[in-house]
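K.L.:
One structure coming up, written as structure tokens, with questions to follow.
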Amino acid sequence: MLERNHLTIIQTIEKVGTLTEAANLLCLTQSALSHSIKKLEQQLGVAVWLKEGRRLRLTQAGSAILNLADRVLPQFDHSEQVIAKMAEGSQGSLRIGMECHPCYQWLLNIVGPFLKEFPSVDLDVRQRFQFGGVGALLGFDIDVLITPDPLYVRGLEYLPVFDYEHVLVVAKSHHLADKTYVLPQDLSNENVITYPVEPSRLDIFSQFCTPAGVAVKKHTQIETTEILLQMVASGRGVAALPRWLVEDNQQALGLVPLKLGKKGIFKTINLGFRVNETRPEYLHQFIQMAQGSALINK
């Protein structure tokens, strides 16, 4: 029975004391204001205010409504401000799913400027091994999916962000370091270090070794990029990573990037979205920042 306008009227009456002043303040006629409260009193079966000359005094029931108004109306106002900012695209949350472990390093270049430009937008990043990326996007668990291997299913669309070369990275002291490129058989006696992803989803296997019928000597899985690079730098194995990531660490760690085959393996990072969905302004800005950061890494 109680509505927001009832709360506003009671709060205003308590503030100004008279029906005339309350009506003026709320831009209502006295009769409309009085009728609204009289109808409420009939529904509640109790008086809300009493007249004392020109002034109005809240009854016990009216005071109870005033207490509610003092608690609830500020929440209404706050929620409306939040929703207005959401409509402007300056407030909300951006949930990002990752199907590209090394891209986490690239994403760090975007996160700082993005959070600075949108201080009222919360950011959440989830990596692929914790959930199914496509399922999470279709299930509204995330808002955007970063992936080098887009799965084209109904309801999703992808925006290419940038291209990169997938290379083998070895230590400077490694016996393959002087080669211009490597062939699948060159890895038959190597410990190949990868992220914790099933081999069928790893390009070093699916596009390079497996089609050539080559099995590697050992396959080690490491979750953290920094540790993976340190393992390669210490001669504990080799890895396949984006060229831009290897070049970022090449001098500091003594790494060498090598082409995978004579022609190399080239990939594209894509941003996946649900189709026909309105994107807030901060998501458009995130896309622009992603594209701009991609140019830096080329």
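Following the order of the structure tokens, chains are lettered A, B, ..., residues in each are numbered from 1, and ligands are numbered from 1.
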From a backbone DSSP assignment, name each residue in range 31-80 of chain A labelled helix (DSSP H, G or I), as a PyMOL selection string.

P.N.:
chain A and resi 31-44+60-80

K.L.:
Using only C-alpha atoms, what does the table of range 115-156 of chain A residues within 7 Å of range 90-109 of chain A look like, with each row giving the shortest atom pair and its distance in Å to one decimal, sorted by chain and ascending number, as JSON lines?

P.N.:
{"residue": "A:Phe118", "atom": "CA", "partner": "A:Ser90", "partner_atom": "CA", "distance": 6.2}
{"residue": "A:Ser120", "atom": "CA", "partner": "A:Gln91", "partner_atom": "CA", "distance": 4.8}
{"residue": "A:Val121", "atom": "CA", "partner": "A:Gly92", "partner_atom": "CA", "distance": 4.8}
{"residue": "A:Asp122", "atom": "CA", "partner": "A:Ser93", "partner_atom": "CA", "distance": 4.5}
{"residue": "A:Leu123", "atom": "CA", "partner": "A:Leu94", "partner_atom": "CA", "distance": 5.0}
{"residue": "A:Asp124", "atom": "CA", "partner": "A:Arg95", "partner_atom": "CA", "distance": 4.7}
{"residue": "A:Val125", "atom": "CA", "partner": "A:Ile96", "partner_atom": "CA", "distance": 4.7}
{"residue": "A:Arg126", "atom": "CA", "partner": "A:Gly97", "partner_atom": "CA", "distance": 4.9}
{"residue": "A:Gln127", "atom": "CA", "partner": "A:Met98", "partner_atom": "CA", "distance": 4.5}
{"residue": "A:Arg128", "atom": "CA", "partner": "A:Glu99", "partner_atom": "CA", "distance": 4.8}
{"residue": "A:Gly133", "atom": "CA", "partner": "A:Gly97", "partner_atom": "CA", "distance": 6.3}
{"residue": "A:Ile142", "atom": "CA", "partner": "A:Arg95", "partner_atom": "CA", "distance": 4.7}
{"residue": "A:Asp143", "atom": "CA", "partner": "A:Arg95", "partner_atom": "CA", "distance": 5.2}
{"residue": "A:Val144", "atom": "CA", "partner": "A:Ile96", "partner_atom": "CA", "distance": 5.1}
{"residue": "A:Leu145", "atom": "CA", "partner": "A:Gly97", "partner_atom": "CA", "distance": 4.6}
{"residue": "A:Ile146", "atom": "CA", "partner": "A:Met98", "partner_atom": "CA", "distance": 5.0}
{"residue": "A:Thr147", "atom": "CA", "partner": "A:Glu99", "partner_atom": "CA", "distance": 4.7}
{"residue": "A:Pro148", "atom": "CA", "partner": "A:Cys100", "partner_atom": "CA", "distance": 6.6}

K.L.:
Pick the closest to Ser234 in chain A from A:Thr180, A:Lys267, A:Ser293, A:His174: which is it, counting only C-alpha atoms?

P.N.:
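Counting only C-alpha atoms, the residue closest to Ser234 in chain A is A:His174.
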
K.L.:
Calculate how many Å separate CA of Met289 in chain A from CA of Asp149 in chain A, rounding to one decimal.

P.N.:
21.0 Å

K.L.:
Measuring between only C-alpha atoms, which one of A:Val167, A:Val246, A:Leu115, A:Val192 shows the shortest distance to Leu283 in chain A?

P.N.:
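Ranking A:Val167, A:Val246, A:Leu115, A:Val192 by distance to Leu283 in chain A, first place goes to A:Leu115.
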
K.L.:
Where does DSSP see strand (DSSP E or B) in range 135-174 of chain A, if you list the residues as a ChimeraX atom specification?

P.N.:
/A:144-147,156-171

K.L.:
Rank A:Gln291, A:Ser31, A:Gln11, A:Ser200 by their smallest atom-to-atom distance to Arg71 in chain A, using only C-alpha atoms, and report the top residue only.

P.N.:
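Checking each candidate against Arg71 in chain A, we get A:Gln11 as the closest.
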
K.L.:
Could you pull the residues within 8 Å of range 188-190 of chain A, counting only C-alpha atoms, minus those fewer than 3 positions along the same chain, as a list in words?

P.N.:
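Non-adjacent residues within range: Pro184, Gln185, Val214, Ala215, Val216, Lys217, Lys218, Gly237 and Val238 of chain A.
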
K.L.:
What's the 10 Å shell around Leu50 in chain A, counting only C-alpha atoms, without same-chain residues fewer than 5 positions away, as a list in words?

P.N.:
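These residues fall inside the cut-off: Arg55, Leu56, Arg57, Leu58, Thr59 and Gly62 of chain A.
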
K.L.:
Env of Leu260 in chain A: 12 Å cut, atoms = only C-alpha atoms, seq-sep filter 3 positions within chain, self excluded. Answer as a ChimeraX atom specification.

P.N.:
/A:165-169,176,179-187,203-205,207-209,239-243,257,263-266

K.L.:
Kindly export the residues of the current selection with N, CA, C and O atoms, as a compact mmCIF listing (two decimals), in the first residue's frame.

P.N.:
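The file below, again-v7.txt, is the result:
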# COMPACT_ATOMS: atom_id res chain seq x y z
N GLU A 165 52.47 -13.28 -33.84
CA GLU A 165 53.12 -14.53 -34.24
C GLU A 165 53.37 -15.39 -33.01
O GLU A 165 53.84 -14.90 -31.97
N HIS A 166 53.04 -16.67 -33.12
CA HIS A 166 53.31 -17.64 -32.07
C HIS A 166 54.69 -18.22 -32.35
O HIS A 166 54.95 -18.74 -33.45
N VAL A 167 55.61 -18.11 -31.39
CA VAL A 167 57.00 -18.52 -31.62
C VAL A 167 57.45 -19.48 -30.53
O VAL A 167 56.86 -19.56 -29.45
N LEU A 168 58.51 -20.20 -30.83
CA LEU A 168 59.16 -21.03 -29.82
C LEU A 168 60.18 -20.15 -29.11
O LEU A 168 60.94 -19.43 -29.75
N VAL A 169 60.20 -20.21 -27.80
CA VAL A 169 61.17 -19.43 -27.03
C VAL A 169 62.14 -20.38 -26.34
O VAL A 169 61.72 -21.36 -25.71
N LEU A 176 69.17 -24.98 -29.92
CA LEU A 176 68.35 -24.54 -31.05
C LEU A 176 68.42 -23.03 -31.27
O LEU A 176 67.88 -22.52 -32.26
N LYS A 179 69.14 -21.35 -34.72
CA LYS A 179 68.30 -21.64 -35.87
C LYS A 179 67.42 -20.44 -36.23
O LYS A 179 67.05 -19.65 -35.36
N THR A 180 67.07 -20.32 -37.51
CA THR A 180 66.13 -19.28 -37.94
C THR A 180 64.71 -19.71 -37.63
O THR A 180 63.86 -18.91 -37.25
N TYR A 181 64.46 -21.02 -37.78
CA TYR A 181 63.16 -21.59 -37.47
C TYR A 181 63.36 -23.03 -37.01
O TYR A 181 64.42 -23.62 -37.22
N VAL A 182 62.34 -23.57 -36.36
CA VAL A 182 62.41 -24.96 -35.92
C VAL A 182 61.35 -25.78 -36.63
O VAL A 182 60.30 -25.26 -37.06
N LEU A 183 61.61 -27.08 -36.76
CA LEU A 183 60.66 -28.03 -37.32
C LEU A 183 60.12 -28.91 -36.20
O LEU A 183 60.74 -28.99 -35.12
N PRO A 184 58.99 -29.57 -36.39
CA PRO A 184 58.42 -30.39 -35.33
C PRO A 184 59.40 -31.41 -34.75
O PRO A 184 59.45 -31.61 -33.53
N GLN A 185 60.19 -32.04 -35.61
CA GLN A 185 61.13 -33.06 -35.12
C GLN A 185 62.21 -32.49 -34.21
O GLN A 185 62.83 -33.23 -33.43
N ASP A 186 62.42 -31.18 -34.28
CA ASP A 186 63.40 -30.55 -33.39
C ASP A 186 62.96 -30.60 -31.93
O ASP A 186 63.77 -30.40 -31.01
N LEU A 187 61.67 -30.84 -31.71
CA LEU A 187 61.14 -30.84 -30.34
C LEU A 187 60.98 -32.25 -29.76
O LEU A 187 60.52 -32.40 -28.63
N ASP A 203 48.46 -24.65 -29.49
CA ASP A 203 48.91 -24.58 -30.89
C ASP A 203 50.20 -25.33 -31.13
O ASP A 203 50.41 -25.87 -32.22
N ILE A 204 51.08 -25.36 -30.13
CA ILE A 204 52.35 -26.05 -30.30
C ILE A 204 52.14 -27.53 -30.60
O ILE A 204 52.92 -28.17 -31.30
N PHE A 205 51.04 -28.07 -30.10
CA PHE A 205 50.69 -29.46 -30.38
C PHE A 205 49.72 -29.56 -31.55
O PHE A 205 49.97 -30.26 -32.53
N GLN A 207 48.77 -27.51 -33.96
CA GLN A 207 49.14 -26.97 -35.28
C GLN A 207 50.57 -27.31 -35.70
O GLN A 207 50.96 -27.02 -36.82
N PHE A 208 51.35 -27.88 -34.78
CA PHE A 208 52.76 -28.06 -35.09
C PHE A 208 53.23 -29.51 -34.93
O PHE A 208 53.54 -30.17 -35.92
N CYS A 209 53.22 -30.02 -33.72
CA CYS A 209 53.77 -31.36 -33.49
C CYS A 209 52.83 -32.48 -33.92
O CYS A 209 53.25 -33.40 -34.64
N ALA A 239 59.26 -23.24 -24.74
CA ALA A 239 57.84 -22.91 -24.67
C ALA A 239 57.42 -22.20 -25.95
O ALA A 239 58.25 -21.64 -26.67
N ALA A 240 56.12 -22.20 -26.22
CA ALA A 240 55.57 -21.48 -27.35
C ALA A 240 54.71 -20.34 -26.82
O ALA A 240 53.77 -20.57 -26.07
N LEU A 241 55.07 -19.11 -27.22
CA LEU A 241 54.42 -17.91 -26.68
C LEU A 241 54.29 -16.85 -27.77
O LEU A 241 54.96 -16.94 -28.81
N PRO A 242 53.48 -15.83 -27.56
CA PRO A 242 53.42 -14.72 -28.52
C PRO A 242 54.78 -14.03 -28.62
O PRO A 242 55.46 -13.83 -27.62
N ARG A 243 55.14 -13.64 -29.83
CA ARG A 243 56.43 -12.99 -30.03
C ARG A 243 56.56 -11.73 -29.19
O ARG A 243 57.62 -11.45 -28.63
N PRO A 257 63.50 -15.88 -29.56
CA PRO A 257 62.28 -16.35 -30.22
C PRO A 257 62.61 -16.98 -31.57
O PRO A 257 63.40 -16.44 -32.34
N LYS A 263 57.14 -20.97 -42.38
CA LYS A 263 56.17 -19.89 -42.56
C LYS A 263 55.72 -19.27 -41.24
O LYS A 263 55.13 -18.19 -41.23
N GLY A 264 55.98 -19.98 -40.15
CA GLY A 264 55.54 -19.46 -38.85
C GLY A 264 54.07 -19.76 -38.59
O GLY A 264 53.33 -20.18 -39.48
N ILE A 265 53.66 -19.53 -37.35
CA ILE A 265 52.26 -19.69 -36.96
C ILE A 265 51.75 -18.34 -36.48
O ILE A 265 52.35 -17.71 -35.59
N PHE A 266 50.68 -17.89 -37.08
CA PHE A 266 50.14 -16.56 -36.75
C PHE A 266 48.74 -16.69 -36.18
O PHE A 266 47.93 -17.50 -36.65

K.L.:
Report as a tab-separated table (two decimals) with N, CA, C and O atoms, in the first residue's frame all protein, DNA and RNA residues lying within 10 Å of Glu226 in chain A, evaluated on only C-alpha atoms, omitting residues in the same chain fewer than 3 positions from it.

P.N.:
chain	number	residue	atom	x	y	z
A	102	PRO	N	48.90	-15.87	-21.78
A	102	PRO	CA	49.87	-14.79	-21.92
A	102	PRO	C	49.23	-13.43	-22.13
A	102	PRO	O	49.85	-12.40	-21.88
A	105	GLN	N	49.23	-10.60	-19.45
A	105	GLN	CA	50.28	-9.58	-19.39
A	105	GLN	C	49.91	-8.38	-20.25
A	105	GLN	O	50.13	-7.23	-19.87
A	222	ILE	N	52.86	-25.15	-16.34
A	222	ILE	CA	53.10	-24.11	-15.34
A	222	ILE	C	52.05	-23.02	-15.52
A	222	ILE	O	51.80	-22.57	-16.64
A	223	GLU	N	51.47	-22.57	-14.44
A	223	GLU	CA	50.35	-21.64	-14.52
A	223	GLU	C	50.78	-20.19	-14.67
A	223	GLU	O	50.07	-19.38	-15.28
A	229	LEU	N	58.70	-18.38	-17.95
A	229	LEU	CA	59.84	-17.74	-18.63
A	229	LEU	C	61.15	-18.00	-17.90
A	229	LEU	O	62.20	-18.20	-18.54
A	230	GLN	N	61.11	-18.00	-16.59
A	230	GLN	CA	62.32	-18.28	-15.81
A	230	GLN	C	62.80	-19.71	-16.04
A	230	GLN	O	64.00	-19.97	-16.13
A	231	MET	N	61.87	-20.64	-16.16
A	231	MET	CA	62.23	-22.04	-16.43
A	231	MET	C	62.91	-22.16	-17.80
A	231	MET	O	63.92	-22.85	-17.94
A	249	ASN	N	60.61	-9.63	-22.76
A	249	ASN	CA	61.48	-10.21	-21.72
A	249	ASN	C	62.80	-10.72	-22.28
A	249	ASN	O	63.60	-11.30	-21.55

K.L.:
Rounded to one decimal in Å, what is the spacing between CA of Ala171 in chain A and CA of Ile110 in chain A?

P.N.:
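Computed distance, CA of Ala171 in chain A to CA of Ile110 in chain A, equals 29.1 Å.
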
K.L.:
From the list A:Arg54, A:Phe286, A:Glu247, A:Asp70, which residue is nearest Val16 in chain A when using only C-alpha atoms?

P.N.:
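Counting only C-alpha atoms, the residue closest to Val16 in chain A is A:Arg54.
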
K.L.:
Report, in Å with one decimal, the straight-line distance from CA of Ile193 in chain A to CA of Trp244 in chain A.

P.N.:
18.0 Å

K.L.:
Tell me which protein, DNA and RNA residues are within 9 Å of Arg4 in chain A, counting only C-alpha atoms, leaving out same-chain ones fewer than 5 positions away, and put them as a VMD selection string.

P.N.:
chain A and resid 9 69 72 to 73 76

K.L.:
From the options A:Leu25, A:Arg274, A:Leu255, A:Leu40, which residue's atoms come nearest to Gly139 in chain A, counting only C-alpha atoms?

P.N.:
A:Arg274

K.L.:
I need the residue nearest Arg236 in chain A from this list: A:Arg154, A:Lys15, A:His219, A:Lys262. Use only C-alpha atoms for the distance.

P.N.:
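Between A:Arg154, A:Lys15, A:His219, A:Lys262, the residue approaching Arg236 in chain A most closely is A:His219.
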